[in-house]
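For reference, the structure discussed in these notes is given below.
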Amino acid sequence: MHLALFFIFGGLCIAGALNLLLQRHPINSALSLIVVMTSLAVLYLLLGAEFLAAAQVIVYSGAIMVLFTFVIMLLNAGREETTHGSKAAYIVGFPGAAAILGVLAYIFLKQSDNLGTAKLGEYLVTTHDLSRVLFRDLLLPFEVTSVLILIAILGAVALARKGHE
Amino acid sequence: MEASIWIFLLLSVLKVAVVTVILLTAVAYTVLLERKVVGRIQNRWGPSRVGPFGLLQPLADGIKLFLKEDLMPSNVYKPLYIIAPMIALTCALISIGVVPFGKEIYVKGVDLFQISDINIGLLVILGVTSVGVYGIALSGWSSNSKYSLLGSLRSSAQLVSYELALGLSLVGVVLRAGSFRLRDIVDIQATHGILSWNVFGGLQFVAFLIYLMAAYAETNRAPFDLPEAESELTAGYHTEYSSMKFAMFFMAEYANMITVSCVATLLFLGGWSSPFGSLLPAWGGPVVQALLPVFWFVVKVFFFLFLYIWVRGTLPRFRYDQLMGFGWKFLLPVAILNIIATSLWLAYRA
């Protein structure tokens, strides 16, 4: 059951990601991204991270992607014009991506004994445990990240104000 | 062993079917209730011709919508135009799946008064509602019409803004219960009747008001019904829809109202618990004892639905800048202050 769900939503995730790249219309790409985000939430749920799954749906599928579609709708962005693709992508991009994939696969396979294994549907991280880790053991990194996001917001506001004056 | 699994499956499917039918009937009769009550508020009768007191009006409306021609405007973006009302209705119907209606009573391993009991029930409702925005957003965009687009733009901006205040207003309740599970949240309010409900004894009165206001905005209801403001936008995001597709948006809006009322009941008014607590002696057989909590639940949900209609009949519509200013500059800070006050109080008591 868990394995079947994993394959269904893993497949859906990859299909959504490919569709995101292949679609010409921005709104279709945005919708594919929503499919990717939501399938990821199901994968988190399968690994027992229920709070993370809910947060993924609320924050990414719900809030962030609504803003994406909002901007696309507001600008009334039409079909993208296709170019023949840049030379740099062919020369550097594809071999580069292949190399990164190769290196990552090599490291994961070599270190597979040292890495822990997570089995599908075997344990559950309750919100209680998660908050204990987040607000006690990892409090400083958590707070620093939130300050970082605050700085990003302030930066965006500052940049937006510049045009008016 | 095999047989019991089949019985479990059968009962579960039956439960889902019964809840869906009840919800859709409730949707139909909420529409009638709204037309009746708004009619009385405006000093007229409301529907009174079909059946006694107009009680068969929802049936007549349903048949009319089924039989109407399904118009497809020529310049719409078809795939999204068709799928948008489905998204809206599906998301509106899903969230009722985690709402508990009464005490935990198991028959052959099936919980009678809740479709599924999830640890993060509250978050599931928030998540499903936040995905439901796409129905409205995409309908407006794919209709290829100015009114629809403006309606859906207003709606997405409004939903994203008020979702923050809505989510934050619930934090106080979650802090008090220490759980996202809806049954836990109700159980903590069940000890002393009305006095231990979150809205009174739980000191979440401010959170309750924030929730109500944000929820009205989330469901696009008056006084926050700018996405479908008739005087400016004809009908807003569903201007180009007709027949069943229009009916799906309509059903989604009322199903969302019912869900919001259920959540308000569960989180602030003690869910299915009786307002008299243990003052009233337990009476009647086990069947009465099982159904009485459901009765209280329905009464409270009805109160919220009536309030929705009452507010619609009373208050004028906001202006758009007022709406945004109210959400961001008033509701959000008050919700954050409420969280701080609640956590300090809980920390002091602990």
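Following the order of the structure tokens, chains are lettered A, B, ..., residues in each are numbered from 1, and ligands are numbered from 1.
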Mind listing as a tab-separated table (two decimals) with N, CA and C atoms, in the first residue's frame which residues of chain B are within 10 Å of chain A, counting only C-alpha atoms?
chain	number	residue	atom	x	y	z
B	80	LEU	N	-8.85	24.63	-18.29
B	80	LEU	CA	-8.95	25.24	-16.97
B	80	LEU	C	-10.37	25.71	-16.68
B	118	ILE	N	-7.89	12.42	12.16
B	118	ILE	CA	-6.50	12.63	11.81
B	118	ILE	C	-5.83	13.46	12.89
B	119	ASN	N	-4.57	13.12	13.19
B	119	ASN	CA	-3.81	13.88	14.19
B	119	ASN	C	-3.74	15.36	13.87
B	120	ILE	N	-3.66	15.68	12.57
B	120	ILE	CA	-3.47	17.07	12.19
B	120	ILE	C	-4.73	17.58	11.50
B	121	GLY	N	-5.90	17.16	12.02
B	121	GLY	CA	-7.17	17.49	11.38
B	121	GLY	C	-7.32	18.97	11.06
B	122	LEU	N	-6.96	19.82	12.01
B	122	LEU	CA	-7.12	21.26	11.82
B	122	LEU	C	-6.27	21.75	10.65
B	123	LEU	N	-5.03	21.23	10.57
B	123	LEU	CA	-4.14	21.65	9.49
B	123	LEU	C	-4.66	21.15	8.15
B	124	VAL	N	-5.28	19.96	8.14
B	124	VAL	CA	-5.83	19.44	6.90
B	124	VAL	C	-6.91	20.40	6.38
B	125	ILE	N	-7.77	20.87	7.29
B	125	ILE	CA	-8.82	21.81	6.86
B	125	ILE	C	-8.19	23.07	6.28
B	126	LEU	N	-7.18	23.62	6.98
B	126	LEU	CA	-6.53	24.84	6.49
B	126	LEU	C	-5.89	24.59	5.12
B	127	GLY	N	-5.23	23.43	4.98
B	127	GLY	CA	-4.55	23.12	3.72
B	127	GLY	C	-5.53	23.00	2.57
B	128	VAL	N	-6.62	22.26	2.80
B	128	VAL	CA	-7.59	22.06	1.73
B	128	VAL	C	-8.23	23.38	1.34
B	129	THR	N	-8.54	24.22	2.35
B	129	THR	CA	-9.13	25.53	2.02
B	129	THR	C	-8.16	26.36	1.20
B	130	SER	N	-6.86	26.28	1.54
B	130	SER	CA	-5.92	27.14	0.83
B	130	SER	C	-5.75	26.66	-0.61
B	131	VAL	N	-5.94	25.37	-0.87
B	131	VAL	CA	-5.87	24.89	-2.25
B	131	VAL	C	-7.14	25.25	-3.02
B	132	GLY	N	-8.26	25.37	-2.28
B	132	GLY	CA	-9.52	25.71	-2.92
B	132	GLY	C	-9.52	27.05	-3.65
B	133	VAL	N	-8.56	27.92	-3.29
B	133	VAL	CA	-8.46	29.23	-3.96
B	133	VAL	C	-8.30	29.06	-5.46
B	134	TYR	N	-7.62	27.99	-5.87
B	134	TYR	CA	-7.33	27.84	-7.30
B	134	TYR	C	-8.60	27.74	-8.12
B	137	ALA	N	-9.47	31.35	-8.62
B	137	ALA	CA	-8.44	32.06	-9.38
B	137	ALA	C	-8.45	31.62	-10.85
B	138	LEU	N	-8.49	30.30	-11.07
B	138	LEU	CA	-8.40	29.80	-12.44
B	138	LEU	C	-9.68	30.08	-13.22
B	140	GLY	N	-11.58	32.67	-13.05
B	140	GLY	CA	-11.55	34.04	-13.53
B	140	GLY	C	-10.58	34.22	-14.67
B	141	TRP	N	-9.43	33.59	-14.57
B	141	TRP	CA	-8.41	33.76	-15.59
B	141	TRP	C	-8.83	33.08	-16.89
B	142	SER	N	-9.36	31.84	-16.77
B	142	SER	CA	-9.64	31.08	-17.98
B	142	SER	C	-10.89	31.59	-18.70
B	149	LEU	N	-11.81	38.18	-14.46
B	149	LEU	CA	-10.41	38.31	-14.07
B	149	LEU	C	-10.28	39.20	-12.85
B	150	LEU	N	-10.98	40.36	-12.86
B	150	LEU	CA	-10.90	41.25	-11.71
B	150	LEU	C	-11.43	40.56	-10.46
B	152	SER	N	-11.45	37.34	-9.77
B	152	SER	CA	-10.56	36.31	-9.24
B	152	SER	C	-9.28	36.92	-8.70
B	153	LEU	N	-8.83	38.03	-9.29
B	153	LEU	CA	-7.65	38.70	-8.72
B	153	LEU	C	-7.95	39.20	-7.32
B	154	ARG	N	-9.11	39.84	-7.18
B	154	ARG	CA	-9.52	40.31	-5.86
B	154	ARG	C	-9.58	39.16	-4.88
B	155	SER	N	-10.18	38.06	-5.36
B	155	SER	CA	-10.38	36.92	-4.48
B	155	SER	C	-9.05	36.33	-4.02
B	156	SER	N	-8.08	36.14	-4.96
B	156	SER	CA	-6.81	35.53	-4.52
B	156	SER	C	-6.10	36.43	-3.54
B	157	ALA	N	-6.07	37.75	-3.83
B	157	ALA	CA	-5.38	38.65	-2.92
B	157	ALA	C	-6.04	38.64	-1.55
B	159	LEU	N	-7.91	36.24	-0.19
B	159	LEU	CA	-7.76	34.97	0.51
B	159	LEU	C	-6.38	34.84	1.12
B	160	VAL	N	-5.33	35.23	0.34
B	160	VAL	CA	-3.98	35.12	0.87
B	160	VAL	C	-3.82	36.02	2.09
B	161	SER	N	-4.41	37.24	2.02
B	161	SER	CA	-4.24	38.17	3.13
B	161	SER	C	-4.95	37.68	4.39
B	163	GLU	N	-5.97	34.65	5.11
B	163	GLU	CA	-5.58	33.33	5.59
B	163	GLU	C	-4.61	33.44	6.76
B	164	LEU	N	-3.74	34.48	6.71
B	164	LEU	CA	-2.78	34.69	7.79
B	164	LEU	C	-3.50	34.94	9.10
B	178	GLY	N	-3.07	21.85	23.05
B	178	GLY	CA	-1.82	21.12	22.87
B	178	GLY	C	-1.92	20.06	21.81
B	179	SER	N	-2.82	20.24	20.84
B	179	SER	CA	-2.99	19.22	19.81
B	179	SER	C	-3.70	19.84	18.61
B	180	PHE	N	-3.43	19.26	17.42
B	180	PHE	CA	-4.14	19.68	16.22
B	180	PHE	C	-5.35	18.79	15.96
Can you pull out the residues contacting stretch 67-75 of chain B? Cut-off 6 Å, using only C-alpha atoms, and skip same-chain residues under 2 positions away; I want them as a PyMOL selection string.
chain B and resi 64-65+242-243
Using N, CA and C atoms, can you export the residues from the last selection as a short mmCIF file (atom, residue, chain, number, x, y, z; two decimals), in the first residue's frame?
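Okay, this is what ended up in part-v1.cif:
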data_model
loop_
_atom_site.label_atom_id
_atom_site.label_comp_id
_atom_site.auth_asym_id
_atom_site.auth_seq_id
_atom_site.Cartn_x
_atom_site.Cartn_y
_atom_site.Cartn_z
N LYS B 64 -33.80 23.06 -12.25
CA LYS B 64 -33.59 24.12 -13.24
C LYS B 64 -32.12 24.16 -13.67
N LEU B 65 -31.21 24.10 -12.69
CA LEU B 65 -29.79 24.22 -13.02
C LEU B 65 -29.31 23.01 -13.83
N SER B 242 -22.41 28.93 -16.52
CA SER B 242 -23.85 28.71 -16.50
C SER B 242 -24.12 27.26 -16.09
N SER B 243 -25.39 26.96 -15.93
CA SER B 243 -25.83 25.58 -15.68
C SER B 243 -25.09 24.93 -14.50
#
Surrounding residues of stretch 305-307 of chain B excluding itself and chain neighbours under 5 positions, 9 Å, only C-alpha atoms, as number ranges by chain:
B: 30, 33-34, 37, 257-258, 261, 300, 312
Restrict the selected residues to C-alpha atoms and save them as a PDB file, in the first residue's frame.
ATOM      1  CA  THR B  30     -28.901  26.954   3.594  1.00  0.00           C
ATOM      2  CA  LEU B  33     -32.731  29.777   4.577  1.00  0.00           C
ATOM      3  CA  GLU B  34     -30.656  32.653   3.278  1.00  0.00           C
ATOM      4  CA  VAL B  37     -34.137  35.313   6.172  1.00  0.00           C
ATOM      5  CA  MET B 257     -19.776  28.284   4.795  1.00  0.00           C
ATOM      6  CA  ILE B 258     -20.899  25.085   6.489  1.00  0.00           C
ATOM      7  CA  SER B 261     -19.342  27.080  10.825  1.00  0.00           C
ATOM      8  CA  LYS B 300     -24.375  25.524  17.073  1.00  0.00           C
ATOM      9  CA  ARG B 312     -25.131  39.650   4.969  1.00  0.00           C
TER      10      ARG B 312
END
Rounded to one decimal in Å, what is the spacing between atom CA of B:Thr259 and atom CA of B:Leu14?
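Separation of atom CA of B:Thr259 and atom CA of B:Leu14: 20.5 Å.
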In Å, with one decimal, what is the gap from atom CA of B:Thr20 to atom CA of B:Leu93?
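Going from atom CA of B:Thr20 over to atom CA of B:Leu93 covers 7.6 Å.
Taking atom CA of B:Val294 as the reference point, atom CA of B:Phe101 is found at 5.8 Å.
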I'd like to know which residues of stretch 83-219 of chain B are strand (DSSP E) (by DSSP, run on the backbone); could you write them as a list in words?
Tyr106, Val107, Val110 and Asp111 of chain B
Got time to write the residues from that selection, N, CA and C atoms, as a PDB file, in the first residue's frame?
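Resulting contents of selection_28.pdb:
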ATOM      1  N   TYR B 106     -17.997   3.630  18.301  1.00  0.00           N
ATOM      2  CA  TYR B 106     -17.556   2.709  17.272  1.00  0.00           C
ATOM      3  C   TYR B 106     -18.572   1.598  17.058  1.00  0.00           C
ATOM      4  N   VAL B 107     -18.918   1.364  15.801  1.00  0.00           N
ATOM      5  CA  VAL B 107     -19.736   0.206  15.446  1.00  0.00           C
ATOM      6  C   VAL B 107     -18.912  -0.629  14.483  1.00  0.00           C
ATOM      7  N   VAL B 110     -15.900   1.113  13.165  1.00  0.00           N
ATOM      8  CA  VAL B 110     -16.075   2.317  12.367  1.00  0.00           C
ATOM      9  C   VAL B 110     -16.617   3.423  13.263  1.00  0.00           C
ATOM     10  N   ASP B 111     -15.893   4.570  13.267  1.00  0.00           N
ATOM     11  CA  ASP B 111     -16.341   5.701  14.057  1.00  0.00           C
ATOM     12  C   ASP B 111     -17.586   6.297  13.396  1.00  0.00           C
TER      13      ASP B 111
END
Might you pull out every residue within 7 Å of B:Lys36, with only C-alpha atoms counted and same-chain residues fewer than 6 positions away left off, and present them as an MDAnalysis selection string?
chainID B and resid 45:47
Env of B:Ala252: 7 Å cut, atoms = only C-alpha atoms, seq-sep filter 4 positions within chain, self excluded. Answer as a PyMOL selection string.
chain B and resi 88-89+92+248+256
Please return as a ChimeraX atom specification: the residues of stretch 29-119 of chain B that backbone DSSP assigns to alpha helix (DSSP H).
/B:29-41,57-67,78-94
Kindly export the residues of the current selection with C-alpha atoms, as a compact mmCIF listing (two decimals), in the first residue's frame.
# COMPACT_ATOMS: atom_id res chain seq x y z
CA TYR B 29 -31.44 24.35 2.46
CA THR B 30 -28.90 26.95 3.59
CA VAL B 31 -29.57 28.68 0.28
CA LEU B 32 -33.31 28.60 1.01
CA LEU B 33 -32.73 29.78 4.58
CA GLU B 34 -30.66 32.65 3.28
CA ARG B 35 -33.32 33.71 0.78
CA LYS B 36 -36.02 33.46 3.44
CA VAL B 37 -34.14 35.31 6.17
CA VAL B 38 -32.76 38.03 3.90
CA GLY B 39 -36.28 38.36 2.56
CA ARG B 40 -37.68 38.95 6.04
CA ILE B 41 -34.84 41.39 6.84
CA GLN B 57 -37.64 25.58 -3.71
CA PRO B 58 -34.11 24.02 -3.52
CA LEU B 59 -35.41 21.02 -5.49
CA ALA B 60 -36.90 23.27 -8.16
CA ASP B 61 -33.66 25.28 -8.35
CA GLY B 62 -31.64 22.08 -8.64
CA ILE B 63 -33.77 20.76 -11.50
CA LYS B 64 -33.59 24.12 -13.24
CA LEU B 65 -29.79 24.22 -13.02
CA PHE B 66 -29.50 20.62 -14.25
CA LEU B 67 -31.68 21.23 -17.27
CA LYS B 78 -11.12 25.24 -22.09
CA PRO B 79 -9.18 22.81 -19.87
CA LEU B 80 -8.95 25.24 -16.97
CA TYR B 81 -12.44 26.64 -17.56
CA ILE B 82 -13.87 23.14 -17.09
CA ILE B 83 -11.64 22.04 -14.23
CA ALA B 84 -11.95 25.22 -12.12
CA PRO B 85 -15.47 24.61 -10.72
CA MET B 86 -14.48 21.00 -10.01
CA ILE B 87 -11.48 22.14 -7.95
CA ALA B 88 -13.67 24.57 -6.03
CA LEU B 89 -16.34 21.99 -5.22
CA THR B 90 -13.93 19.13 -4.46
CA CYS B 91 -11.93 21.19 -2.00
CA ALA B 92 -15.13 22.43 -0.38
CA LEU B 93 -16.40 18.87 0.10
CA ILE B 94 -13.12 17.28 1.26
As a PDB file with N, CA and C atoms, in the first residue's frame, please: the residues near stretch 186-192 of chain B (cut-off 7 Å, only C-alpha atoms, same-chain neighbours under 5 positions excluded).
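As written to disk, selection04.pdb reads:
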ATOM      1  N   ALA B 177      -5.162  23.491  23.735  1.00  0.00           N
ATOM      2  CA  ALA B 177      -5.434  22.057  23.676  1.00  0.00           C
ATOM      3  C   ALA B 177      -4.146  21.242  23.584  1.00  0.00           C
ATOM      4  N   TRP B 197     -15.957  26.453  27.425  1.00  0.00           N
ATOM      5  CA  TRP B 197     -15.778  26.629  25.985  1.00  0.00           C
ATOM      6  C   TRP B 197     -14.661  27.639  25.748  1.00  0.00           C
ATOM      7  N   ASN B 198     -13.943  27.440  24.641  1.00  0.00           N
ATOM      8  CA  ASN B 198     -12.801  28.304  24.384  1.00  0.00           C
ATOM      9  C   ASN B 198     -13.180  29.769  24.307  1.00  0.00           C
ATOM     10  N   LEU B 266     -16.415  23.709  16.582  1.00  0.00           N
ATOM     11  CA  LEU B 266     -15.484  22.782  17.228  1.00  0.00           C
ATOM     12  C   LEU B 266     -14.441  23.534  18.043  1.00  0.00           C
ATOM     13  N   LEU B 267     -13.933  24.637  17.485  1.00  0.00           N
ATOM     14  CA  LEU B 267     -12.794  25.281  18.119  1.00  0.00           C
ATOM     15  C   LEU B 267     -13.202  26.230  19.234  1.00  0.00           C
ATOM     16  N   GLY B 270     -17.111  24.584  21.821  1.00  0.00           N
ATOM     17  CA  GLY B 270     -17.167  23.284  22.480  1.00  0.00           C
ATOM     18  C   GLY B 270     -17.715  22.145  21.655  1.00  0.00           C
ATOM     19  N   GLY B 271     -17.754  22.291  20.337  1.00  0.00           N
ATOM     20  CA  GLY B 271     -18.161  21.189  19.475  1.00  0.00           C
ATOM     21  C   GLY B 271     -19.504  20.613  19.851  1.00  0.00           C
ATOM     22  N   SER B 273     -20.310  19.265  22.704  1.00  0.00           N
ATOM     23  CA  SER B 273     -20.574  19.167  24.137  1.00  0.00           C
ATOM     24  C   SER B 273     -21.775  20.052  24.497  1.00  0.00           C
ATOM     25  N   GLY B 277     -23.155  21.236  30.510  1.00  0.00           N
ATOM     26  CA  GLY B 277     -22.152  20.387  31.148  1.00  0.00           C
ATOM     27  C   GLY B 277     -22.809  19.272  31.924  1.00  0.00           C
ATOM     28  N   SER B 278     -22.388  19.094  33.184  1.00  0.00           N
ATOM     29  CA  SER B 278     -22.934  17.992  33.984  1.00  0.00           C
ATOM     30  C   SER B 278     -24.109  18.452  34.843  1.00  0.00           C
TER      31      SER B 278
END
Mind checking which residues fall within 9 Å of B:Ile339, counting only C-alpha atoms, ignoring those fewer than 3 positions away in the same chain, and posting them as a VMD selection string?
chain B and resid 168 to 172 175 207 334 to 336 342 to 344
Write out, as a PDB file, in the first residue's frame, the residues just selected, with N, CA and C atoms.
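After the write, out13.pdb holds the following:
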ATOM      1  N   LEU B 168      -3.542  32.434  12.317  1.00  0.00           N
ATOM      2  CA  LEU B 168      -2.988  32.886  13.596  1.00  0.00           C
ATOM      3  C   LEU B 168      -4.046  32.916  14.690  1.00  0.00           C
ATOM      4  N   SER B 169      -5.310  33.187  14.311  1.00  0.00           N
ATOM      5  CA  SER B 169      -6.341  33.234  15.341  1.00  0.00           C
ATOM      6  C   SER B 169      -6.585  31.853  15.940  1.00  0.00           C
ATOM      7  N   LEU B 170      -6.232  30.795  15.191  1.00  0.00           N
ATOM      8  CA  LEU B 170      -6.460  29.440  15.700  1.00  0.00           C
ATOM      9  C   LEU B 170      -5.333  28.979  16.624  1.00  0.00           C
ATOM     10  N   VAL B 171      -4.177  29.696  16.577  1.00  0.00           N
ATOM     11  CA  VAL B 171      -3.029  29.236  17.352  1.00  0.00           C
ATOM     12  C   VAL B 171      -3.335  29.210  18.847  1.00  0.00           C
ATOM     13  N   GLY B 172      -4.074  30.232  19.324  1.00  0.00           N
ATOM     14  CA  GLY B 172      -4.407  30.271  20.740  1.00  0.00           C
ATOM     15  C   GLY B 172      -5.148  29.018  21.176  1.00  0.00           C
ATOM     16  N   LEU B 175      -2.783  26.078  21.191  1.00  0.00           N
ATOM     17  CA  LEU B 175      -1.895  26.142  22.354  1.00  0.00           C
ATOM     18  C   LEU B 175      -2.612  25.603  23.587  1.00  0.00           C
ATOM     19  N   ALA B 207      -9.778  35.893  19.742  1.00  0.00           N
ATOM     20  CA  ALA B 207      -9.462  34.972  18.651  1.00  0.00           C
ATOM     21  C   ALA B 207     -10.732  34.570  17.914  1.00  0.00           C
ATOM     22  N   VAL B 334      -3.667  42.127  15.830  1.00  0.00           N
ATOM     23  CA  VAL B 334      -4.458  41.685  16.986  1.00  0.00           C
ATOM     24  C   VAL B 334      -4.312  40.181  17.180  1.00  0.00           C
ATOM     25  N   ALA B 335      -4.274  39.438  16.064  1.00  0.00           N
ATOM     26  CA  ALA B 335      -4.106  37.984  16.173  1.00  0.00           C
ATOM     27  C   ALA B 335      -2.763  37.652  16.813  1.00  0.00           C
ATOM     28  N   ILE B 336      -1.704  38.376  16.420  1.00  0.00           N
ATOM     29  CA  ILE B 336      -0.379  38.110  16.990  1.00  0.00           C
ATOM     30  C   ILE B 336      -0.372  38.452  18.482  1.00  0.00           C
ATOM     31  N   THR B 342      -1.968  34.680  25.048  1.00  0.00           N
ATOM     32  CA  THR B 342      -2.344  33.315  25.406  1.00  0.00           C
ATOM     33  C   THR B 342      -1.137  32.511  25.865  1.00  0.00           C
ATOM     34  N   SER B 343       0.011  32.647  25.148  1.00  0.00           N
ATOM     35  CA  SER B 343       1.169  31.858  25.564  1.00  0.00           C
ATOM     36  C   SER B 343       1.664  32.296  26.929  1.00  0.00           C
ATOM     37  N   LEU B 344       1.661  33.620  27.184  1.00  0.00           N
ATOM     38  CA  LEU B 344       2.117  34.099  28.496  1.00  0.00           C
ATOM     39  C   LEU B 344       1.217  33.540  29.598  1.00  0.00           C
TER      40      LEU B 344
END
Nearest to B:Tyr320, chosen from B:Ala229, B:Val263, B:Val298, B:Ile136, with only C-alpha atoms counted in the distances:
B:Ala229
Considering only C-alpha atoms, can you say which of B:Arg176, B:Lys245, B:Arg44, B:Arg181 comes closest to B:Trp345?
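Of B:Arg176, B:Lys245, B:Arg44, B:Arg181, the one nearest B:Trp345, counting only C-alpha atoms, is B:Arg176.
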